[in-house]
>>> print(open('query.txt').read())   # compact mmCIF, C-alpha atoms
# COMPACT_ATOMS: atom_id res chain seq x y z
CA MET A 1 -27.21 17.74 -8.22
CA ASP A 2 -28.48 15.61 -11.11
CA LEU A 3 -24.88 15.36 -12.36
CA LEU A 4 -23.67 13.70 -9.18
CA THR A 5 -26.62 11.29 -9.03
CA THR A 6 -25.86 10.23 -12.59
CA LEU A 7 -22.15 9.81 -11.87
CA VAL A 8 -22.76 7.72 -8.75
CA ASP A 9 -25.18 5.45 -10.61
CA LYS A 10 -22.65 4.95 -13.40
CA GLY A 11 -19.80 4.37 -10.99
CA LEU A 12 -21.70 1.69 -9.10
CA ARG A 13 -22.28 -0.06 -12.46
CA ARG A 14 -18.64 0.43 -13.59
CA GLU A 15 -19.84 2.57 -16.48
CA SER A 16 -17.83 5.43 -17.88
CA PRO A 17 -19.12 8.98 -17.59
CA THR A 18 -19.10 11.12 -20.69
CA ARG A 19 -16.30 13.60 -21.27
CA GLU A 20 -18.80 16.39 -20.67
CA GLU A 21 -19.73 14.93 -17.28
CA ALA A 22 -16.06 14.60 -16.30
CA LEU A 23 -15.42 18.19 -17.32
CA ALA A 24 -18.45 19.26 -15.30
CA VAL A 25 -16.92 17.72 -12.15
CA LEU A 26 -13.83 19.88 -12.59
CA ALA A 27 -16.03 22.94 -13.13
CA THR A 28 -18.05 22.54 -9.92
CA SER A 29 -17.86 25.36 -7.40
CA ASP A 30 -16.24 25.28 -3.98
CA ASP A 31 -19.76 25.54 -2.52
CA ASP A 32 -20.52 22.13 -4.04
CA LEU A 33 -17.18 20.54 -3.12
CA LEU A 34 -18.39 18.45 -0.18
CA ASP A 35 -21.26 17.14 -2.30
CA VAL A 36 -18.77 16.10 -4.98
CA VAL A 37 -16.54 14.36 -2.43
CA ALA A 38 -19.52 12.58 -0.86
CA ALA A 39 -20.75 11.35 -4.24
CA ALA A 40 -17.36 10.04 -5.36
CA GLY A 41 -16.92 8.56 -1.90
CA LYS A 42 -19.94 6.33 -2.48
CA VAL A 43 -18.24 4.88 -5.55
CA ARG A 44 -14.96 4.44 -3.69
CA ARG A 45 -16.66 2.59 -0.82
CA ARG A 46 -18.63 0.36 -3.20
CA TRP A 47 -15.43 -1.12 -4.65
CA PHE A 48 -12.90 -0.67 -1.83
CA GLY A 49 -14.84 -0.19 1.39
CA ARG A 50 -12.93 1.91 3.93
CA ARG A 51 -9.59 0.22 3.27
CA VAL A 52 -6.42 2.22 2.53
CA LYS A 53 -3.51 0.46 0.89
CA LEU A 54 -0.07 1.68 1.97
CA ASN A 55 2.82 1.81 -0.50
CA TYR A 56 6.47 2.61 0.13
CA LEU A 57 9.06 4.00 -2.29
CA VAL A 58 12.69 2.95 -2.45
CA ASN A 59 14.80 5.04 -4.84
CA LEU A 60 17.39 2.58 -6.17
CA LYS A 61 19.29 5.15 -8.23
CA SER A 62 18.84 8.89 -8.04
CA GLY A 63 19.61 11.77 -10.40
CA LEU A 64 21.52 12.32 -13.65
CA CYS A 65 18.71 11.09 -15.87
CA PRO A 66 19.27 11.65 -19.63
CA GLU A 67 15.57 12.45 -20.20
CA ASP A 68 14.29 16.05 -20.16
CA CYS A 69 10.91 15.68 -18.39
CA SER A 70 10.18 19.25 -17.30
CA TYR A 71 8.58 18.30 -13.98
CA CYS A 72 11.39 16.09 -12.74
CA SER A 73 14.14 17.06 -10.31
CA GLN A 74 16.32 14.25 -11.74
CA ARG A 75 16.03 15.43 -15.37
CA LEU A 76 18.84 16.27 -17.76
CA GLY A 77 20.14 19.71 -16.79
CA SER A 78 18.26 19.87 -13.49
CA LYS A 79 19.70 22.30 -10.97
CA ALA A 80 17.52 20.98 -8.16
CA GLU A 81 19.52 20.23 -5.04
CA ILE A 82 18.80 16.54 -4.74
CA LEU A 83 20.90 13.55 -3.79
CA LYS A 84 22.59 11.74 -6.66
CA TYR A 85 23.80 8.18 -6.27
CA THR A 86 24.24 5.02 -8.29
CA TRP A 87 22.51 1.68 -7.72
CA LEU A 88 21.83 0.53 -4.19
CA LYS A 89 22.96 -3.01 -3.46
CA PRO A 90 20.15 -5.57 -3.04
CA GLU A 91 20.72 -5.82 0.70
CA GLU A 92 20.66 -2.02 1.06
CA ALA A 93 17.40 -1.79 -0.86
CA SER A 94 15.91 -4.58 1.24
CA ARG A 95 16.81 -2.78 4.47
CA ALA A 96 15.22 0.37 3.11
CA ALA A 97 12.07 -1.53 2.14
CA ALA A 98 11.83 -3.03 5.62
CA ALA A 99 11.27 0.45 7.10
CA GLY A 100 8.11 0.86 5.03
CA VAL A 101 6.88 -2.67 5.66
CA ALA A 102 7.33 -2.10 9.41
CA GLY A 103 5.08 0.95 9.04
CA GLY A 104 2.33 -1.11 7.41
CA ALA A 105 3.21 -0.88 3.72
CA LYS A 106 1.75 -3.68 1.65
CA ARG A 107 3.64 -2.78 -1.53
CA VAL A 108 7.23 -1.67 -2.05
CA CYS A 109 7.87 0.37 -5.18
CA ILE A 110 11.47 0.23 -6.39
CA VAL A 111 12.40 3.08 -8.70
CA ALA A 112 15.48 4.02 -10.71
CA SER A 113 16.11 7.23 -12.61
CA GLY A 114 16.82 7.14 -16.34
CA ARG A 115 15.36 6.32 -19.74
CA GLY A 116 15.04 2.58 -19.24
CA PRO A 117 16.97 -0.40 -17.91
CA THR A 118 19.75 -2.26 -19.67
CA ASP A 119 19.65 -6.04 -19.52
CA ARG A 120 22.34 -5.85 -16.83
CA ASP A 121 20.12 -3.48 -14.86
CA VAL A 122 17.23 -5.95 -15.08
CA ASP A 123 19.55 -8.61 -13.61
CA ARG A 124 20.46 -6.22 -10.81
CA VAL A 125 16.84 -5.34 -10.08
CA SER A 126 15.90 -9.03 -10.17
CA GLN A 127 18.37 -9.67 -7.35
CA THR A 128 16.88 -6.74 -5.44
CA ILE A 129 13.35 -8.10 -5.83
CA ALA A 130 14.52 -11.46 -4.51
CA ALA A 131 16.20 -9.85 -1.51
CA ILE A 132 13.12 -7.77 -0.62
CA LYS A 133 10.76 -10.73 -0.87
CA GLU A 134 13.05 -13.00 1.09
CA GLN A 135 13.13 -10.63 4.05
CA ASN A 136 9.54 -9.37 3.85
CA GLU A 137 7.03 -12.18 3.53
CA GLY A 138 3.87 -11.35 1.62
CA VAL A 139 5.03 -7.95 0.36
CA GLU A 140 4.18 -6.89 -3.18
CA VAL A 141 6.98 -5.42 -5.31
CA CYS A 142 6.33 -2.90 -8.07
CA ALA A 143 9.20 -1.91 -10.36
CA CYS A 144 9.48 1.50 -12.00
CA LEU A 145 12.51 1.54 -14.27
CA GLY A 146 11.43 3.55 -17.30
CA LEU A 147 10.87 2.40 -20.87
CA LEU A 148 11.01 -1.37 -21.28
CA SER A 149 12.58 -3.23 -24.17
CA GLU A 150 11.45 -6.54 -25.63
CA GLY A 151 11.46 -9.32 -23.06
CA GLN A 152 12.36 -7.18 -20.04
CA ALA A 153 8.86 -7.22 -18.54
CA ASP A 154 8.83 -11.03 -18.76
CA ARG A 155 12.17 -11.18 -16.96
CA LEU A 156 10.92 -8.92 -14.16
CA ARG A 157 7.81 -11.04 -13.81
CA ALA A 158 9.92 -14.21 -13.63
CA ALA A 159 12.06 -12.54 -10.95
CA GLY A 160 9.01 -12.08 -8.75
CA ALA A 161 7.83 -8.56 -9.58
CA ASP A 162 4.10 -8.17 -9.04
CA ALA A 163 3.57 -4.88 -10.84
CA TYR A 164 5.15 -2.29 -13.11
CA ASN A 165 4.64 1.46 -13.00
CA HIS A 166 4.96 3.85 -15.91
CA ASN A 167 2.82 7.00 -15.85
CA LEU A 168 1.27 8.72 -18.87
CA ASN A 169 1.54 11.98 -16.89
CA THR A 170 -0.45 14.26 -19.21
CA SER A 171 -2.57 14.23 -22.35
CA GLU A 172 -1.16 13.05 -25.66
CA ALA A 173 -1.83 16.49 -27.18
CA THR A 174 0.40 18.28 -24.65
CA TYR A 175 2.97 15.56 -23.98
CA GLY A 176 5.56 17.14 -26.28
CA ASP A 177 5.39 20.32 -24.21
CA ILE A 178 6.81 18.61 -21.12
CA THR A 179 9.15 16.00 -22.63
CA THR A 180 11.03 15.82 -25.94
CA THR A 181 13.40 12.87 -25.40
CA HIS A 182 10.67 10.23 -25.65
CA THR A 183 7.04 10.17 -26.75
CA TYR A 184 3.63 9.55 -25.26
CA ALA A 185 3.42 6.44 -27.46
CA ASP A 186 6.64 5.14 -25.88
CA ARG A 187 4.96 5.30 -22.48
CA VAL A 188 1.82 3.54 -23.67
CA ASP A 189 3.98 0.82 -25.23
CA THR A 190 5.78 0.16 -21.93
CA VAL A 191 2.53 -0.17 -19.99
CA GLN A 192 1.25 -2.62 -22.58
CA ARG A 193 4.48 -4.65 -22.40
CA ALA A 194 4.00 -4.94 -18.65
CA GLN A 195 0.40 -6.05 -19.10
CA ALA A 196 1.33 -8.62 -21.74
CA ALA A 197 3.88 -10.13 -19.34
CA GLY A 198 1.22 -10.60 -16.68
CA LEU A 199 2.41 -7.78 -14.46
CA SER A 200 -0.17 -5.65 -12.72
CA ALA A 201 0.14 -2.37 -14.60
CA CYS A 202 0.20 0.97 -12.83
CA SER A 203 -0.09 4.22 -14.76
CA GLY A 204 -1.23 7.66 -13.69
CA LEU A 205 -0.89 11.37 -14.14
CA ILE A 206 0.62 14.58 -12.81
CA ALA A 207 -1.79 17.47 -12.25
CA GLY A 208 -0.76 21.09 -11.91
CA MET A 209 1.66 21.45 -14.83
CA GLY A 210 -0.39 24.20 -16.46
CA GLU A 211 -2.71 21.81 -18.28
CA SER A 212 -6.34 22.60 -19.08
CA ASP A 213 -9.39 20.77 -17.76
CA ALA A 214 -9.68 19.14 -21.18
CA ASP A 215 -6.11 17.83 -20.88
CA LEU A 216 -6.86 16.29 -17.49
CA VAL A 217 -9.98 14.60 -18.80
CA ASP A 218 -8.13 13.38 -21.89
CA VAL A 219 -5.36 11.68 -19.91
CA VAL A 220 -7.77 10.07 -17.46
CA PHE A 221 -9.92 8.71 -20.29
CA ALA A 222 -6.75 7.44 -21.96
CA LEU A 223 -5.88 5.67 -18.73
CA ARG A 224 -9.34 4.10 -18.59
CA GLU A 225 -8.81 2.80 -22.12
CA LEU A 226 -5.35 1.46 -21.21
CA ASP A 227 -6.98 -0.09 -18.13
CA PRO A 228 -4.29 -0.28 -15.45
CA ASP A 229 -5.30 -1.71 -12.10
CA SER A 230 -3.68 1.22 -10.36
CA VAL A 231 -3.80 4.96 -11.14
CA PRO A 232 -1.50 7.18 -9.06
CA VAL A 233 -2.53 10.84 -9.04
CA ASN A 234 0.48 13.11 -8.51
CA PHE A 235 0.29 16.84 -7.89
CA LEU A 236 3.24 18.76 -9.28
CA ILE A 237 5.88 19.81 -6.80
CA PRO A 238 7.48 22.75 -8.65
CA PHE A 239 11.12 21.98 -7.86
CA GLU A 240 13.46 24.94 -8.00
CA GLY A 241 15.96 24.25 -10.75
CA THR A 242 13.41 22.71 -13.14
CA PRO A 243 11.45 24.36 -16.01
CA LEU A 244 8.19 24.09 -14.07
CA ALA A 245 9.51 25.77 -10.93
CA LYS A 246 6.97 28.61 -11.23
CA GLU A 247 3.90 26.44 -11.93
CA TRP A 248 1.85 26.86 -8.77
CA ASN A 249 -1.64 26.21 -10.11
CA LEU A 250 -3.39 24.03 -7.55
CA THR A 251 -5.59 24.71 -4.56
CA PRO A 252 -6.74 22.00 -2.13
CA GLN A 253 -10.23 22.31 -3.59
CA ARG A 254 -9.05 21.79 -7.16
CA ALA A 255 -6.93 18.82 -6.12
CA LEU A 256 -10.02 17.20 -4.56
CA ARG A 257 -12.08 17.83 -7.70
CA ILE A 258 -9.37 16.17 -9.81
CA LEU A 259 -9.34 13.12 -7.54
CA ALA A 260 -13.14 12.92 -7.68
CA MET A 261 -13.09 13.07 -11.48
CA VAL A 262 -10.52 10.25 -11.60
CA ARG A 263 -12.68 8.13 -9.27
CA PHE A 264 -15.78 8.63 -11.43
CA VAL A 265 -13.91 7.74 -14.64
CA CYS A 266 -12.04 4.81 -13.05
CA PRO A 267 -14.55 3.60 -10.43
CA ASP A 268 -13.12 0.13 -9.66
CA VAL A 269 -9.43 0.96 -10.04
CA GLU A 270 -6.96 1.47 -7.21
CA VAL A 271 -6.64 5.27 -7.16
CA ARG A 272 -3.46 6.25 -5.37
CA LEU A 273 -2.92 9.60 -3.69
CA ALA A 274 0.69 10.18 -4.66
CA GLY A 275 3.40 12.85 -4.81
CA GLY A 276 2.56 16.40 -3.79
CA ARG A 277 -0.45 15.62 -1.60
CA GLU A 278 1.12 17.25 1.45
CA VAL A 279 2.01 20.38 -0.53
CA HIS A 280 -1.32 20.93 -2.26
CA LEU A 281 -4.02 19.25 -0.16
CA ARG A 282 -2.48 20.21 3.18
CA SER A 283 -5.14 20.10 5.92
CA LEU A 284 -7.71 18.65 3.49
CA GLN A 285 -5.75 15.41 3.03
CA PRO A 286 -8.27 13.39 5.10
CA LEU A 287 -11.04 14.32 2.64
CA ALA A 288 -8.95 12.80 -0.15
CA LEU A 289 -9.19 9.40 1.55
CA HIS A 290 -12.88 9.40 0.59
CA LEU A 291 -11.72 9.44 -3.06
CA ALA A 292 -8.45 7.52 -3.15
CA ASN A 293 -8.04 4.06 -1.63
CA SER A 294 -4.23 3.99 -1.68
CA ILE A 295 -1.43 6.31 -0.56
CA PHE A 296 2.35 6.41 -0.29
CA LEU A 297 3.66 6.09 3.24
CA GLY A 298 6.34 8.58 4.22
CA ASP A 299 8.77 9.96 1.65
CA TYR A 300 8.78 9.96 -2.15
CA LEU A 301 11.71 10.00 -4.59
CA THR A 302 13.63 13.23 -4.12
CA SER A 303 11.49 15.07 -1.60
CA GLU A 304 10.21 14.63 1.91
CA GLY A 305 6.73 13.43 2.75
CA GLN A 306 4.55 13.56 5.82
CA ALA A 307 5.88 11.41 8.65
CA GLY A 308 4.61 7.85 8.44
CA LYS A 309 3.12 7.99 11.95
CA ASP A 310 1.10 11.04 10.88
CA ASP A 311 -0.16 9.17 7.81
CA LEU A 312 -1.34 6.32 10.03
CA ALA A 313 -2.99 8.71 12.48
CA MET A 314 -4.74 10.53 9.62
CA ILE A 315 -6.15 7.26 8.28
CA ALA A 316 -7.46 6.21 11.69
CA ASP A 317 -8.86 9.63 12.57
CA ALA A 318 -10.74 9.81 9.26
CA GLY A 319 -12.43 6.50 10.02
CA PHE A 320 -10.50 4.35 7.56
CA GLU A 321 -8.37 1.25 8.12
CA VAL A 322 -5.00 0.11 6.78
CA GLU A 323 -5.35 -2.75 4.31
CA GLY A 324 -3.61 -5.92 5.44
CA THR A 325 -1.44 -8.24 3.38
CA ASP A 326 -4.13 -10.90 3.71
CA THR A 327 -6.64 -8.72 1.84
CA THR A 328 -6.93 -8.49 -1.94
CA THR A 329 -6.86 -4.86 -2.97
CA LEU A 330 -8.79 -5.07 -6.22
CA PRO A 331 -12.50 -5.91 -6.52
CA GLU A 332 -13.11 -9.57 -7.27
CA HIS A 333 -13.78 -9.12 -10.99
CA ARG A 334 -10.46 -7.33 -11.51
CA ALA A 335 -8.45 -9.57 -9.20
CA ASP A 336 -9.75 -12.69 -10.96
CA ALA A 337 -8.93 -11.24 -14.37
CA LEU A 338 -5.39 -10.40 -13.27
CA ALA A 339 -4.78 -13.80 -11.67
CA GLY A 340 -6.04 -15.56 -14.79
CA GLY A 341 -4.19 -13.33 -17.22
CA GLY A 342 -7.56 -12.51 -18.73
CA CYS A 343 -9.49 -9.35 -19.41
CA GLY A 344 -11.57 -7.73 -16.70
CA GLU A 345 -13.29 -5.47 -19.17
CA PRO A 346 -15.60 -2.99 -17.46
CA VAL A 347 -19.04 -2.20 -18.83
CA GLY A 348 -18.80 0.77 -21.16
CA GLY A 349 -15.17 0.51 -22.30
CA GLY A 350 -11.59 -0.36 -21.49
CA ARG A 351 -9.44 -3.24 -22.69
CA GLY A 352 -8.97 -4.43 -19.12
CA GLU A 353 -5.85 -6.59 -18.92
CA HIS A 354 -3.58 -6.26 -15.94
CA ALA A 355 -2.10 -3.49 -13.81
CA GLY A 356 -0.62 -2.40 -10.50
CA GLY A 357 1.78 -0.36 -8.37
CA GLY A 358 2.46 3.33 -8.66
CA CYS A 359 5.92 4.71 -8.19
CA GLY A 360 7.36 7.70 -9.90
CA PRO A 361 9.00 9.00 -13.05
CA CYS A 362 11.43 6.93 -15.07
CA GLY A 363 14.17 4.38 -15.35
CA ASP A 364 17.89 3.86 -16.10
CA GLY A 365 20.95 6.02 -16.75
CA ASP A 366 24.15 6.41 -14.81
CA GLY A 367 24.19 7.98 -11.34
CA ALA A 368 26.96 9.67 -9.42
CA ALA A 369 27.72 7.52 -6.42
CA GLU A 370 27.06 8.84 -2.95
CA PRO A 371 27.15 6.89 0.29
CA PHE A 372 24.00 5.05 1.30
CA ALA A 373 22.57 5.35 4.79
CA GLY A 374 18.83 4.84 4.77
CA ASN A 375 15.98 4.63 2.29
CA GLY A 376 14.33 6.68 -0.41
CA GLY A 377 11.32 8.91 -0.68
CA GLY A 378 9.25 12.31 0.07
CA ALA A 379 7.05 15.38 -0.77
CA ALA A 380 7.72 19.00 0.08
CA ASN A 381 7.34 20.73 3.41
CA PRO A 382 6.74 24.45 3.95
CA ALA A 383 9.61 26.83 3.70
CA ALA A 384 10.12 29.15 6.63
CA GLY A 385 8.60 32.56 6.11
CA ASP A 386 5.29 34.29 5.74
CA VAL A 387 3.17 31.19 5.24
CA ALA A 388 -0.02 32.82 6.44
CA ASP A 389 0.32 35.70 3.98
CA ALA A 390 0.73 33.30 1.08
CA SER A 391 -2.21 31.08 1.89
CA ALA A 392 -5.17 33.33 1.17
CA ALA A 393 -8.36 31.37 0.58
CA GLY A 394 -8.80 30.25 -3.01
CA GLU A 395 -5.26 31.03 -4.09
CA ALA A 396 -2.51 28.60 -5.04
CA ARG A 397 0.31 28.51 -2.46
CA THR A 398 3.60 29.72 -3.88
CA ASP A 399 5.71 29.66 -0.73
CA LEU A 400 6.16 25.91 -0.29
CA VAL A 401 9.34 25.62 -2.31
CA ALA A 402 11.93 24.27 0.12
CA VAL A 403 12.18 20.59 -0.75
CA ARG A 404 14.22 18.44 1.59
CA ARG A 405 15.28 14.86 1.19
CA ARG A 406 15.45 12.20 3.87
CA GLY A 407 16.77 8.67 3.83
CA ALA A 408 19.29 7.34 1.33
CA GLY A 409 22.60 9.12 1.42
CA THR A 410 21.81 11.08 4.61
CA GLU A 411 22.02 10.56 8.32
CA LEU A 412 18.31 11.24 8.66
CA PRO A 413 16.01 8.28 9.28
CA PRO A 414 13.29 7.49 6.73
CA ASN A 415 9.83 8.90 7.43
CA ALA A 416 8.14 5.56 8.00
>>> encode(input="query.txt", output="structure tokens")
Amino acid sequence: MDLLTTLVDKGLRRESPTREEALAVLATSDDDLLDVVAAAGKVRRRWFGRRVKLNYLVNLKSGLCPEDCSYCSQRLGSKAEILKYTWLKPEEASRAAAAGVAGGAKRVCIVASGRGPTDRDVDRVSQTIAAIKEQNEGVEVCACLGLLSEGQADRLRAAGADAYNHNLNTSEATYGDITTTHTYADRVDTVQRAQAAGLSACSGLIAGMGESDADLVDVVFALRELDPDSVPVNFLIPFEGTPLAKEWNLTPQRALRILAMVRFVCPDVEVRLAGGREVHLRSLQPLALHLANSIFLGDYLTSEGQAGKDDLAMIADAGFEVEGTDTTTLPEHRADALAGGGCGEPVGGGRGEHAGGGCGPCGDGDGAAEPFAGNGGGAANPAAGDVADASAAGEARTDLVAVRRRGAGTELPPNA
């Protein structure tokens, strides 16, 4: 296909495709899917080889968020049956992080539900960062605490944070349809505050919320302009008890096309395969490794992921290798720009400042305390029932709705 040849050539030169070319990737047929994956895989290997970076989530505070993000099980008014607890102590969070590091995680992403941190919360998180780094030499720490106020990013950076995550989630045009308690501009502002403080910025999207192809292209081009180092691609898990509980719009093939489009638009950026991969990609997860160079190990925030040992086996079986702590994730031009606080501006657009991690939704708010006994994380696993009947070729699966939670607050061990 002439389209794919053009996109590979542009990706190898760090040039942006046109919007029309990005839309054309999403419109390709299932017959052409392997060609699309192979083409995007060339771009992925040019900048990241066959390395896969492992990341591990620790949910510091879960539930009772005052924001109304429609996709989130922790949102205001959510009836999703998730664990709710207030802040983990630094030593508890460090023990949780150690489970992921033992499984090969290079980055620990510490997340707290809510709108954004208070100054007291930043102090608390700073102590947690110190505890994690003291017990886990060489580990990167990415914070995901919601909307940041003046000076808070600088304080997190001074405390030892390497990165900050805050996702754009969807296009600016449709943002008001999924959230009303803050704006798209608020999210952009927080990412820019993180960049200005010298933190590696991480910002991504959620696919499958009923958006159009144009919306997906819009948000990915907005991310290219914002220029984070790290772009997590989440696939909506339609939690029962949330407004998007009935939004089952993705097939494994569409999920792969979305990942390929992101890789072509952001060729030299760490593309992270994030929440919902187990639900929507299912047996095609190994193909996604040819597009994304980073994944979450084990569980996510309020749902259960694939067992960590299965993640590691999948990486090895697909012919990839886990990235070590002695390896720089980003290509040299981006890593140098980040280290120098400068601008790694790609040819053809993008401000190119800093960027990073890749965690989850938001940031502060009060939580109802529950006992701690593990770690945080996960995606959804199949509900019992007529799975085969619901998985007809080419149709979105609607039966995978039973979301279970392992780790913090349970007697179950973390999936690392």
>>> closest_residue(input="query.txt", among="A:Leu205, A:Ala292, A:Ala27, A:Ala153", to="Ala40 in chain A", atoms="all atoms listed in the file")
A:Ala292
>>> axis_aligned_box(input="query.txt", around="range 306-312 of chain A", padding_each_side="6 Å", output="lines of an AutoDock Vina configuration file")
center_x = 2.3
center_y = 9.9
center_z = 8.9
size_x = 19.2
size_y = 19.2
size_z = 18.1
>>> atom_distance(input="query.txt", atom1="CA of Gly324 in chain A", atom2="CA of Gly11 in chain A")
25.3 Å
>>> closest_atom_pairs(input="query.txt", of="range 128-180 of chain A", to="range 55-76 of chain A", cutoff="9 Å", atoms="all atoms listed in the file", output="JSON lines")
{"residue": "A:Asp177", "atom": "CA", "partner": "A:Ser70", "partner_atom": "CA", "distance": 8.5}
{"residue": "A:Ile178", "atom": "CA", "partner": "A:Ser70", "partner_atom": "CA", "distance": 5.1}
{"residue": "A:Thr179", "atom": "CA", "partner": "A:Cys69", "partner_atom": "CA", "distance": 4.6}
{"residue": "A:Thr180", "atom": "CA", "partner": "A:Asp68", "partner_atom": "CA", "distance": 6.6}
>>> residues_around(input="query.txt", residues="Ala143 in chain A", least_positions_apart="2", cutoff="9 Å", atoms="only C-alpha atoms", output="PyMOL selection string")
chain A and resi 108-112+125+129+141+145+156+161-165+357-359
>>> residues_near_point(input="query.txt", point="(12.5, 26.4, -13.2)", cutoff="10 Å", atoms="all atoms listed in the file", output="ChimeraX atom specification")
/A:70-71,73,78-80,238-247
>>> atom_distance(input="query.txt", atom1="CA of Gly275 in chain A", atom2="CA of Gly146 in chain A")
17.5 Å
>>> residues_around(input="query.txt", residues="Arg187 in chain A", least_positions_apart="3", cutoff="7 Å", atoms="only C-alpha atoms", output="list in words")
Leu147, His166, Leu168, Thr183, Tyr184, Thr190 and Val191 of chain A
>>> closest_residue(input="query.txt", among="A:Pro117, A:Asp186, A:Ala337, A:Lys106", to="Leu199 in chain A", atoms="only C-alpha atoms")
A:Ala337
>>> closest_residue(input="query.txt", among="A:Ser283, A:Gln253, A:Ser294, A:Gln152", to="Ser29 in chain A", atoms="all atoms listed in the file")
A:Gln253
>>> atom_distance(input="query.txt", atom1="CA of Gly198 in chain A", atom2="CA of Asn293 in chain A")
23.0 Å
>>> residues_near_point(input="query.txt", point="(-9.2, 13.2, 3.6)", cutoff="12 Å", atoms="only C-alpha atoms", output="ChimeraX atom specification")
/A:34,37-38,41,50,52,252-253,255-256,259-260,273,277-278,281-295,311,313-320
>>> residues_around(input="query.txt", residues="Asn136 in chain A", least_positions_apart="5", cutoff="12 Å", atoms="all atoms listed in the file", output="VMD selection string")
chain A and resid 93 to 102 104 to 108 129 to 131 141 325
>>> closest_residue(input="query.txt", among="A:Leu216, A:Ala24, A:Ala339, A:Val122", to="Asn169 in chain A", atoms="all atoms listed in the file")
A:Leu216
>>> closest_residue(input="query.txt", among="A:Glu270, A:Asp189, A:Glu172, A:Glu140", to="Arg157 in chain A", atoms="all atoms listed in the file")
A:Glu140
>>> decode(input="query.txt", residues="range 148-160 of chain A", atoms="N, CA and C atoms", output="compact mmCIF listing (two decimals), in the first residue's frame")
# COMPACT_ATOMS: atom_id res chain seq x y z
N LEU A 148 -2.58 20.07 38.76
CA LEU A 148 -1.54 20.66 39.59
C LEU A 148 -1.72 22.16 39.71
N SER A 149 -1.45 22.66 40.92
CA SER A 149 -1.46 24.09 41.17
C SER A 149 -0.05 24.65 41.04
N GLU A 150 0.05 25.96 41.08
CA GLU A 150 1.33 26.64 40.94
C GLU A 150 2.36 26.09 41.94
N GLY A 151 3.51 25.71 41.43
CA GLY A 151 4.61 25.28 42.28
C GLY A 151 4.61 23.82 42.67
N GLN A 152 3.50 23.11 42.47
CA GLN A 152 3.43 21.72 42.93
C GLN A 152 4.30 20.80 42.07
N ALA A 153 4.38 21.04 40.79
CA ALA A 153 5.24 20.21 39.94
C ALA A 153 6.70 20.37 40.34
N ASP A 154 7.11 21.59 40.66
CA ASP A 154 8.49 21.83 41.09
C ASP A 154 8.79 21.08 42.38
N ARG A 155 7.82 21.05 43.29
CA ARG A 155 8.02 20.35 44.56
C ARG A 155 8.14 18.84 44.34
N LEU A 156 7.34 18.29 43.44
CA LEU A 156 7.43 16.86 43.13
C LEU A 156 8.78 16.53 42.49
N ARG A 157 9.22 17.41 41.61
CA ARG A 157 10.52 17.21 40.98
C ARG A 157 11.63 17.24 42.02
N ALA A 158 11.57 18.20 42.95
CA ALA A 158 12.57 18.30 44.00
C ALA A 158 12.55 17.08 44.91
N ALA A 159 11.38 16.46 45.04
CA ALA A 159 11.25 15.28 45.90
C ALA A 159 11.79 14.02 45.24
N GLY A 160 12.12 14.10 43.96
CA GLY A 160 12.69 12.94 43.28
C GLY A 160 11.80 12.32 42.22
